[in-house]
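Have a look at the structure below, then the notes.
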Amino acid sequence: MPKILRARPAADSDEERTVRRLAGARHAPADWVQRGRMITLSWDGLRVPVIAAQLGCHEQTVRRWLERFNAGGLDGLADRGGQGRKRRITEDERSRILALVKQTPPSRPDRTPDGQLAEAEAAGPPEWTLNALPAAARAEGIDVHRSQVRRILLAEGVRWRRTRTWIRSTDPDFAGKDTDRRALHHTTGGRDDPVRRRTRLR
């Protein structure tokens with residue numbers, strides 16, 4: 001048979017008044033209000049299953065906060081530090097991942113200061129992608145996954161896709177498509193179309 005757990009009696013009138021005020025507060029954080037209500041309902045004689053059903057939470061949650069209050073009083077109802085998920089990527093590793101995007105991909109030929117193409121590595125991605133970046137990071141000893149890299153880049157506003165090489169050119173004589181293009185065939189049916197003009201004259 002499980003042990004019957006109840007909130008211990010208030011240490012003094014100030015503690016009881018504070019807990020009951022917290023349980024009825026309208027502008028306090030909701031989790032604090034709920035914890036205060038757990039204590040006051042236990043003082044009123046309700047058992048753990050009834051308290052959990054009334055507050056819409058798990059019985060283990062009620063037991064945890066009753067035990068915390070019994071051990072530490074009002075201080076026991078506070079959130080303990082260090083409960084959140086630890087960061088897997090350090091700031092240094094984050095900076096190194098961001099620096100990868102600024103580097104030329106291994107298998108893309110790069111130009112030297114005098115304009116000549118330098119020989120590229122035999123293996124490696126020609127463009128940085130969300131698959132290539134984690135692989136390059138792991139090669140440098142950073143244990144990171146594709147989803148983590150994506151979150152880091154989006155948070156920093158960094159583009160990881162470079163412009164396609166086939167639309168770039170260093171040739172000074174290269175010109176883009178002519179924006180002043182003329183149609184190969186004249187349209188028919190317009191007001192100034194010569195065919196319609198001859199038809200009207202007949």
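Starting from 1 in every chain, residues are counted up; chains themselves are A, B, ... following the order of the structure tokens, and ligands are numbered from 1 as listed.
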Determine, counting only C-alpha atoms, which protein, DNA and RNA residues have an atom within 12 Å of an atom of Arg6 (chain A); residues of the same chain fewer than 6 positions away are not included. Present the result as a PDB file with C-alpha atoms, in the first residue's frame.
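File written: part.pdb
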ATOM      1  CA  MET A  38      -1.282  21.578  -4.007  1.00  0.00           C
ATOM      2  CA  ILE A  39      -0.133  22.556  -0.529  1.00  0.00           C
ATOM      3  CA  THR A  40      -3.384  24.181   0.527  1.00  0.00           C
ATOM      4  CA  LEU A  41      -5.503  21.298  -0.786  1.00  0.00           C
ATOM      5  CA  SER A  42      -3.315  18.894   1.147  1.00  0.00           C
ATOM      6  CA  TRP A  43      -3.778  21.044   4.271  1.00  0.00           C
ATOM      7  CA  ASP A  44      -7.522  20.833   3.657  1.00  0.00           C
ATOM      8  CA  GLY A  45      -7.320  17.036   3.917  1.00  0.00           C
ATOM      9  CA  LEU A  46      -7.346  15.992   0.241  1.00  0.00           C
ATOM     10  CA  ARG A  47      -5.116  13.099  -0.768  1.00  0.00           C
ATOM     11  CA  VAL A  48      -2.695  13.000  -3.681  1.00  0.00           C
ATOM     12  CA  PRO A  49      -4.981  11.303  -6.287  1.00  0.00           C
ATOM     13  CA  ILE A  51      -5.439  16.779  -5.762  1.00  0.00           C
ATOM     14  CA  VAL A  62       1.817  16.381  -6.749  1.00  0.00           C
ATOM     15  CA  ARG A  63       4.053  14.038  -4.754  1.00  0.00           C
ATOM     16  CA  ARG A  64       7.199  15.798  -5.951  1.00  0.00           C
ATOM     17  CA  TRP A  65       6.047  19.261  -4.862  1.00  0.00           C
ATOM     18  CA  LEU A  66       4.654  18.052  -1.552  1.00  0.00           C
ATOM     19  CA  GLU A  67       7.999  16.418  -0.801  1.00  0.00           C
ATOM     20  CA  ARG A  68       9.852  19.564  -1.887  1.00  0.00           C
ATOM     21  CA  PHE A  69       7.690  21.723   0.373  1.00  0.00           C
ATOM     22  CA  ASN A  70       8.087  19.349   3.312  1.00  0.00           C
TER      23      ASN A  70
END
Item to check | Separation of CA of Arg146 (chain A) from CA of Leu133 (chain A) in Å | outcome: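 Separation between CA of Leu133 (chain A) and CA of Arg146 (chain A): 7.9 Å.
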Next on the checklist: Under the rule that only C-alpha atoms are counted, which of A:Arg94, A:Arg151, A:Arg20, A:His145 is the nearest residue to Gly36 (chain A)?
Outcome noted: A:Arg20
Next on the checklist: Restricting the calculation to only C-alpha atoms: of A:Thr129, A:Thr18, A:Gln54, A:Ser147, which residue gets closest to Val101 (chain A)?
Outcome noted: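 The answer is A:Thr129, which sits nearest to Val101 (chain A).
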Checklist entry - Can you list, as a ChimeraX atom specification, every residue of region 2-146 of chain A that DSSP puts in helix (DSSP H, G or I)? => result /A:13-23,30-43,48-55,59-77,91-102,132-139,146
Item to check | Distance query Ile152 (chain A) at most 10 Å, only C-alpha atoms, self and fewer than 6 positions along chain excluded, as a ChimeraX atom specification | outcome: /A:89,94-95,97-98,158
Save the residues we just selected, N, CA and C atoms, as a short mmCIF file (atom, residue, chain, number, x, y, z; two decimals), in the first residue's frame?
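selection.cif, written as the output of this step:
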data_model
loop_
_atom_site.label_atom_id
_atom_site.label_comp_id
_atom_site.auth_asym_id
_atom_site.auth_seq_id
_atom_site.Cartn_x
_atom_site.Cartn_y
_atom_site.Cartn_z
N ILE A 89 26.63 22.03 -28.34
CA ILE A 89 27.61 22.73 -29.16
C ILE A 89 28.13 23.94 -28.38
N ARG A 94 30.50 26.47 -32.47
CA ARG A 94 29.51 27.21 -33.27
C ARG A 94 30.20 28.18 -34.23
N SER A 95 31.22 28.87 -33.73
CA SER A 95 31.95 29.81 -34.57
C SER A 95 32.70 29.09 -35.69
N ILE A 97 31.78 26.29 -37.13
CA ILE A 97 30.80 25.87 -38.13
C ILE A 97 30.44 27.03 -39.05
N LEU A 98 30.25 28.22 -38.45
CA LEU A 98 29.93 29.39 -39.25
C LEU A 98 31.10 29.78 -40.17
N VAL A 158 22.81 33.20 -42.02
CA VAL A 158 23.90 32.87 -42.95
C VAL A 158 23.35 32.00 -44.07
#
Checklist entry - Hey, can you check how far CA of Leu130 (chain A) sits from CA of Val149 (chain A)? => result 7.2 Å
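The closest residue to Asp92 (chain A), picked from A:Ile142, A:Val33, A:Ala25, A:Leu153 and counting only C-alpha atoms, is A:Ile142.
Here CA of Glu127 (chain A) stands at a distance of 19.5 Å from CA of Glu156 (chain A).
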